[in-house]
Each structure stands twice: as C-alpha cells, then as structure tokens.
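Visitor: Pasting in a structure now, in structure tokens, and then I'll have a few things to ask.
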Amino acid sequence: MNAAAAKALALETGFDKAGIVGPEVAPGAPGWTRSMLVLGLATLDEAFDYEIYIAYDGHCRWHKFVYAVLEARSARLAGCLRAAGLRADHLLFDDSISVIDLRVAAVAAGLGVEGLNGLVVSPEYGPRIRFTAVFAAADWQRDGALGDYYCLNCTRCWGGCPTAAIGPQGFDRSLCIAEFNPTPAMAIRQREMQTYPTPVTRSQCVACLAACPIGQRRPVERWVDVRRG
Ligand code: SF4
Ligand code: SF4
C-alpha cells in the first residue's frame, strides 16, 4: 500500500482530511513507527464538543464525545492497515500530549495553518476540525506544510473569547475555561460560565472557534455522513 492508498483509506474510514509525516514529529511514537497518518475530522455539529461525566471503577472525569469518535475511527483505520499486512496502531487520547503534539503534526502534514486563535485552521472547515494519528511501519511519502498562510488576522477569535485567554500575548492556558485539568479557581469559573444541559453533561467553550469566519459554511452532505458515521 502506498501513501495515496493509505490516505484514501483514511477518508473511506470516516476522516475528512489526511496527511503523512515522519516519526520525528512525534517523539513518543512507538519505536517501530516509520510514518504517521495525521487525520482530521470536521466537527461541524456542536454535539462533538459536549462532554459527559463518567464515574466508573474509581475513575471520575469529564469525557469528551469527539475523542471517542476519533479513537473509534482511528482504531478502525489501524485495523484496516493491519488487515493489509502493515504493522499499525492508533493514538490513544489518555496520554496523547506526551506522544504527539497534534497541532504541530497537523500543520506539518499540510492539513491547516496555525491561526491567531492558536488552533489549526483548515482551508475547508476553519478551526472546526479535530485531529488524531495512526502510526505505521511503512515508508510512505511525506506531505509538507502549506505554503499559503490564509488566517485572515481579523482577530475575531480574540474578540470572541470571554476571558481574554487569547490575544496579542498568545494563549494563556490559565484563563481558558475549556481547560481539562482546571485549578480550583478555574473549576468555579467553569461552573459559572459553561452550560450544563443535564447534570452529567456540559458544553465546552468554543467561542474562539465559532467566531472564525473561515469555513463557516456547513456542507449538507457532511451532516448526512455524520449521522451515518
Ligand atoms: S475555548 Fe473559550 S476561553 Fe478558551 S480560548 Fe477559546 S474562547 Fe477563550
Ligand atoms: S478568527 Fe480571524 S484571526 Fe482568528 S483564526 Fe480565524 S481567520 Fe484567523
């Protein structure tokens, strides 16, 4: 299987974008990795950003729906690659940041550029896209970063942020109410500012994404795909 076939398989598996980078982009990748598929899923439905509180077997945490979708689809893709005779495995989100910085990988794979919001902004979906990766023992041709920097520098994302967590100074994680591991003070702020449709469901802040004018149009066919997915 060559690089083009691997990327086509990724799209068939339910991803919207796929690019290939080398293992140097992910210092924590398995030692046998020779190439990585970086995979983008357009998150055009706000349901992707809902989180559910799971208390199970001594573990209590907020679990984000989009990560479950990304893991399920990447596990399926890795399984298809193994069925084709390749060693392959998918990224787990529990400790993903120690394995790979997905924003760096997505930019290196040419899936988007880093916008003023600090997120990867794709040409088609703007920042409404989430990423994961599949590791493979295959020498696939690499993709490169995009040559065109199309973030409009409009700063609407800065203006949309309710806590000034992003601005000319960059991204201040301590002010972001979407933080997964909040300080006690931030946890209080989250309870005040986030919406809770049910006692165990919360809607994460996505104001900086929603403000971005790039890729706001929602293709109807994607809604159909999401429902089938
Ligand atoms: S997620 Fe919300 S708080 Fe965090 S940077 Fe974006 S708009 Fe600001
Ligand atoms: S809102 Fe404007 S400045 Fe911010 S990422 Fe989108 S295009 Fe770039």
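Order determines the names: the first chain of the structure tokens is A, the second B, and so forth; residues in each chain are numbered 1 upward, and ligands are numbered 1 upward as they are shown.
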How would you write, as a PDB file with N, CA and C atoms, in the first residue's frame, the set of residues no farther than 6 Å from ligand 2 when counting only C-alpha atoms and all ligand atoms?

Guide:
ATOM      1  N   GLY A 115      -3.605  29.343  13.308  1.00  0.00           N
ATOM      2  CA  GLY A 115      -4.253  30.643  13.251  1.00  0.00           C
ATOM      3  C   GLY A 115      -3.944  31.482  14.472  1.00  0.00           C
ATOM      4  N   LEU A 116      -4.436  32.721  14.478  1.00  0.00           N
ATOM      5  CA  LEU A 116      -4.226  33.603  15.625  1.00  0.00           C
ATOM      6  C   LEU A 116      -4.944  33.076  16.863  1.00  0.00           C
ATOM      7  N   ASN A 117      -5.861  32.144  16.682  1.00  0.00           N
ATOM      8  CA  ASN A 117      -6.534  31.521  17.825  1.00  0.00           C
ATOM      9  C   ASN A 117      -5.683  30.432  18.463  1.00  0.00           C
ATOM     10  N   CYS A 151      -4.911  32.483   7.389  1.00  0.00           N
ATOM     11  CA  CYS A 151      -5.589  33.092   8.552  1.00  0.00           C
ATOM     12  C   CYS A 151      -5.714  34.580   8.240  1.00  0.00           C
ATOM     13  N   LEU A 152      -6.915  35.106   8.423  1.00  0.00           N
ATOM     14  CA  LEU A 152      -7.196  36.469   7.966  1.00  0.00           C
ATOM     15  C   LEU A 152      -6.626  37.551   8.881  1.00  0.00           C
ATOM     16  N   ASN A 153      -6.061  37.134  10.020  1.00  0.00           N
ATOM     17  CA  ASN A 153      -5.557  38.095  11.010  1.00  0.00           C
ATOM     18  C   ASN A 153      -6.654  39.089  11.400  1.00  0.00           C
ATOM     19  N   CYS A 154      -7.891  38.620  11.375  1.00  0.00           N
ATOM     20  CA  CYS A 154      -9.021  39.521  11.657  1.00  0.00           C
ATOM     21  C   CYS A 154      -9.226  39.722  13.157  1.00  0.00           C
ATOM     22  N   THR A 155      -8.630  38.875  13.970  1.00  0.00           N
ATOM     23  CA  THR A 155      -8.701  38.880  15.441  1.00  0.00           C
ATOM     24  C   THR A 155     -10.124  38.683  15.983  1.00  0.00           C
ATOM     25  N   ARG A 156     -11.040  38.175  15.152  1.00  0.00           N
ATOM     26  CA  ARG A 156     -12.394  37.900  15.682  1.00  0.00           C
ATOM     27  C   ARG A 156     -12.339  36.839  16.780  1.00  0.00           C
ATOM     28  N   CYS A 157     -11.385  35.910  16.662  1.00  0.00           N
ATOM     29  CA  CYS A 157     -11.253  34.879  17.702  1.00  0.00           C
ATOM     30  C   CYS A 157     -10.857  35.535  19.028  1.00  0.00           C
ATOM     31  N   ALA A 211     -16.193  32.039  16.314  1.00  0.00           N
ATOM     32  CA  ALA A 211     -16.006  33.397  15.791  1.00  0.00           C
ATOM     33  C   ALA A 211     -15.271  33.411  14.460  1.00  0.00           C
ATOM     34  N   CYS A 212     -14.590  32.321  14.129  1.00  0.00           N
ATOM     35  CA  CYS A 212     -13.715  32.338  12.939  1.00  0.00           C
ATOM     36  C   CYS A 212     -14.538  32.304  11.656  1.00  0.00           C
ATOM     37  N   PRO A 213     -14.291  33.247  10.743  1.00  0.00           N
ATOM     38  CA  PRO A 213     -15.084  33.276   9.503  1.00  0.00           C
ATOM     39  C   PRO A 213     -14.651  32.236   8.479  1.00  0.00           C
ATOM     40  N   ILE A 214     -13.522  31.581   8.691  1.00  0.00           N
ATOM     41  CA  ILE A 214     -13.053  30.613   7.690  1.00  0.00           C
ATOM     42  C   ILE A 214     -13.810  29.297   7.865  1.00  0.00           C
TER      43      ILE A 214
END

Visitor: Do you know which residues are within 7 Å of ligand 1 using only C-alpha atoms and all ligand atoms? Can you write them as a list of chain:residue names?

Guide: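 The residues within 7 Å of ligand 1, counting only C-alpha atoms and all ligand atoms, are A:Gly160, A:Cys161, A:Pro162, A:Thr163, A:Ala164, A:Ala165, A:Ile166, A:Leu175, A:Cys176, A:Ile177, A:Ala178, A:Cys205, A:Val206, A:Ala207, A:Cys208, A:Leu209.
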
Visitor: Quick one: pick out all alpha helix (DSSP H) residues within stretch 42-158 of chain A from a backbone DSSP run and write them as a PyMOL selection string.

Guide: chain A and resi 65-83+96-99+102-108+156-158

Visitor: Export, as a short mmCIF file (atom, residue, chain, number, x, y, z; two decimals), in the first residue's frame, the selected residues with N, CA and C atoms.

Guide:
data_model
loop_
_atom_site.label_atom_id
_atom_site.label_comp_id
_atom_site.auth_asym_id
_atom_site.auth_seq_id
_atom_site.Cartn_x
_atom_site.Cartn_y
_atom_site.Cartn_z
N PHE A 65 -16.93 13.80 23.86
CA PHE A 65 -17.51 12.93 22.84
C PHE A 65 -16.62 12.82 21.61
N VAL A 66 -16.03 13.96 21.18
CA VAL A 66 -15.26 13.92 19.93
C VAL A 66 -14.06 12.98 20.03
N TYR A 67 -13.49 12.85 21.23
CA TYR A 67 -12.35 11.94 21.37
C TYR A 67 -12.77 10.48 21.17
N ALA A 68 -13.96 10.15 21.61
CA ALA A 68 -14.47 8.79 21.41
C ALA A 68 -14.64 8.51 19.92
N VAL A 69 -15.14 9.50 19.18
CA VAL A 69 -15.31 9.32 17.72
C VAL A 69 -13.95 9.17 17.05
N LEU A 70 -13.01 10.05 17.43
CA LEU A 70 -11.67 9.99 16.82
C LEU A 70 -11.00 8.65 17.11
N GLU A 71 -11.11 8.18 18.34
CA GLU A 71 -10.47 6.91 18.69
C GLU A 71 -11.12 5.75 17.95
N ALA A 72 -12.44 5.77 17.85
CA ALA A 72 -13.14 4.66 17.18
C ALA A 72 -12.75 4.60 15.71
N ARG A 73 -12.72 5.77 15.07
CA ARG A 73 -12.41 5.76 13.63
C ARG A 73 -10.93 5.43 13.38
N SER A 74 -10.04 5.95 14.22
CA SER A 74 -8.62 5.64 14.01
C SER A 74 -8.32 4.19 14.33
N ALA A 75 -9.03 3.61 15.31
CA ALA A 75 -8.85 2.17 15.59
C ALA A 75 -9.30 1.35 14.39
N ARG A 76 -10.38 1.78 13.76
CA ARG A 76 -10.86 1.07 12.58
C ARG A 76 -9.85 1.17 11.44
N LEU A 77 -9.28 2.38 11.25
CA LEU A 77 -8.29 2.57 10.19
C LEU A 77 -7.05 1.71 10.46
N ALA A 78 -6.55 1.71 11.71
CA ALA A 78 -5.37 0.89 12.03
C ALA A 78 -5.68 -0.58 11.78
N GLY A 79 -6.88 -1.01 12.10
CA GLY A 79 -7.27 -2.40 11.84
C GLY A 79 -7.26 -2.72 10.36
N CYS A 80 -7.71 -1.78 9.54
CA CYS A 80 -7.69 -1.99 8.07
C CYS A 80 -6.25 -2.09 7.56
N LEU A 81 -5.36 -1.25 8.12
CA LEU A 81 -3.96 -1.31 7.69
C LEU A 81 -3.33 -2.64 8.10
N ARG A 82 -3.67 -3.10 9.30
CA ARG A 82 -3.13 -4.41 9.74
C ARG A 82 -3.66 -5.52 8.84
N ALA A 83 -4.93 -5.40 8.47
CA ALA A 83 -5.51 -6.42 7.59
C ALA A 83 -4.83 -6.44 6.23
N SER A 96 -2.13 11.51 25.13
CA SER A 96 -1.71 11.82 23.77
C SER A 96 -0.64 12.92 23.71
N ILE A 97 -0.71 13.91 24.62
CA ILE A 97 0.21 15.03 24.52
C ILE A 97 1.66 14.60 24.76
N SER A 98 1.86 13.49 25.51
CA SER A 98 3.23 13.01 25.73
C SER A 98 3.74 12.23 24.51
N VAL A 99 2.83 11.87 23.63
CA VAL A 99 3.21 11.10 22.44
C VAL A 99 3.39 12.01 21.23
N LEU A 102 -0.56 17.19 18.41
CA LEU A 102 -1.35 17.04 17.19
C LEU A 102 -1.43 18.33 16.38
N ARG A 103 -1.34 19.48 17.05
CA ARG A 103 -1.38 20.73 16.28
C ARG A 103 -0.12 20.86 15.42
N VAL A 104 1.03 20.55 16.00
CA VAL A 104 2.29 20.60 15.24
C VAL A 104 2.23 19.59 14.10
N ALA A 105 1.73 18.39 14.39
CA ALA A 105 1.68 17.33 13.37
C ALA A 105 0.73 17.72 12.24
N ALA A 106 -0.41 18.30 12.58
CA ALA A 106 -1.38 18.65 11.54
C ALA A 106 -0.85 19.74 10.63
N VAL A 107 -0.14 20.71 11.19
CA VAL A 107 0.46 21.76 10.35
C VAL A 107 1.57 21.16 9.49
N ALA A 108 2.39 20.29 10.07
CA ALA A 108 3.49 19.66 9.31
C ALA A 108 2.94 18.79 8.18
N ARG A 156 -11.04 38.17 15.15
CA ARG A 156 -12.39 37.90 15.68
C ARG A 156 -12.34 36.84 16.78
N CYS A 157 -11.39 35.91 16.66
CA CYS A 157 -11.25 34.88 17.70
C CYS A 157 -10.86 35.53 19.03
N TRP A 158 -9.97 36.51 18.99
CA TRP A 158 -9.58 37.20 20.22
C TRP A 158 -10.80 37.89 20.82
#

Visitor: Assign secondary structure with DSSP using the backbone only, and return the residues of stretch 16-162 of chain A in strand (DSSP E) as a PyMOL selection string.

Guide: chain A and resi 17-21+35-42+50-56+59-64+88-90+113-114+120-121+129-136

Visitor: Generate a file of the selected residues that holds C-alpha atoms, formatted as an mmCIF file, in the first residue's frame.

Guide:
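The resulting file, again-v3.cif, is shown below:
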data_model
loop_
_atom_site.group_PDB
_atom_site.id
_atom_site.type_symbol
_atom_site.label_atom_id
_atom_site.label_comp_id
_atom_site.auth_asym_id
_atom_site.auth_seq_id
_atom_site.Cartn_x
_atom_site.Cartn_y
_atom_site.Cartn_z
ATOM 1 C CA LYS A 17 -8.513 15.080 5.812
ATOM 2 C CA ALA A 18 -5.344 13.001 5.971
ATOM 3 C CA GLY A 19 -1.644 13.793 5.632
ATOM 4 C CA ILE A 20 1.587 11.919 6.240
ATOM 5 C CA VAL A 21 4.557 12.920 8.389
ATOM 6 C CA SER A 35 5.342 7.022 9.032
ATOM 7 C CA MET A 36 2.297 8.574 10.654
ATOM 8 C CA LEU A 37 -1.076 9.380 9.210
ATOM 9 C CA VAL A 38 -2.353 12.631 10.695
ATOM 10 C CA LEU A 39 -6.128 12.597 10.455
ATOM 11 C CA GLY A 40 -8.665 15.404 10.611
ATOM 12 C CA LEU A 41 -12.348 15.059 11.492
ATOM 13 C CA ALA A 42 -14.586 18.039 10.707
ATOM 14 C CA TYR A 50 -20.219 18.055 24.571
ATOM 15 C CA GLU A 51 -18.617 16.266 27.485
ATOM 16 C CA ILE A 52 -20.137 13.631 29.723
ATOM 17 C CA TYR A 53 -19.116 12.937 33.316
ATOM 18 C CA ILE A 54 -18.118 9.323 33.788
ATOM 19 C CA ALA A 55 -17.675 7.790 37.234
ATOM 20 C CA TYR A 56 -16.587 4.192 36.823
ATOM 21 C CA HIS A 59 -12.212 6.881 37.890
ATOM 22 C CA CYS A 60 -14.178 10.106 37.688
ATOM 23 C CA ARG A 61 -13.690 12.516 34.832
ATOM 24 C CA TRP A 62 -15.271 14.514 32.068
ATOM 25 C CA HIS A 63 -15.069 12.628 28.792
ATOM 26 C CA LYS A 64 -15.331 14.468 25.522
ATOM 27 C CA ALA A 88 -0.114 -0.123 12.590
ATOM 28 C CA ASP A 89 -1.674 1.272 15.730
ATOM 29 C CA HIS A 90 -3.782 4.263 16.646
ATOM 30 C CA VAL A 113 -2.098 26.543 9.386
ATOM 31 C CA GLU A 114 -1.791 27.781 12.960
ATOM 32 C CA VAL A 120 -5.040 24.613 13.425
ATOM 33 C CA VAL A 121 -7.216 26.392 10.861
ATOM 34 C CA ILE A 129 -11.694 20.213 12.897
ATOM 35 C CA ARG A 130 -10.054 17.836 15.384
ATOM 36 C CA PHE A 131 -7.076 15.605 14.847
ATOM 37 C CA THR A 132 -5.679 12.219 15.702
ATOM 38 C CA ALA A 133 -2.943 9.948 14.329
ATOM 39 C CA VAL A 134 -2.206 6.402 13.245
ATOM 40 C CA PHE A 135 1.335 5.018 13.445
ATOM 41 C CA ALA A 136 2.545 2.673 10.705
#

Visitor: Taking only C-alpha atoms into account, which of A:Ala210, A:Ala137, A:Leu119, A:Ala6 comes nearest A:Asp49?

Guide: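 Under the stated criterion, the closest residue is A:Ala210.
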
Visitor: Would you compute the distance between atom CA of A:Val25 and atom CA of A:Ala109? Give it in Å to one decimal.

Guide: 9.7 Å

Visitor: Please provide as a PyMOL selection string all residues within 9 Å of A:Asn2, with the sequence filter that same-chain residues fewer than 6 positions apart are discarded (counting only C-alpha atoms).

Guide: chain A and resi 138-141

Visitor: So how far away is atom CA of A:Phe15 from atom CA of A:Pro123, in Å?

Guide: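 Interatomic distance, atom CA of A:Pro123 to atom CA of A:Phe15: 15.4 Å.
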
Visitor: Which residue is closest to A:Glu124? Choose from A:Gly112, A:Ala8, A:Asp57, A:Tyr196 and count only C-alpha atoms.

Guide: A:Gly112

Visitor: Between atom CA of A:Gly28 and atom CA of A:Gln204, measure the distance and give it in Å to one decimal.

Guide: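 Between these atoms lies a distance of 27.9 Å.
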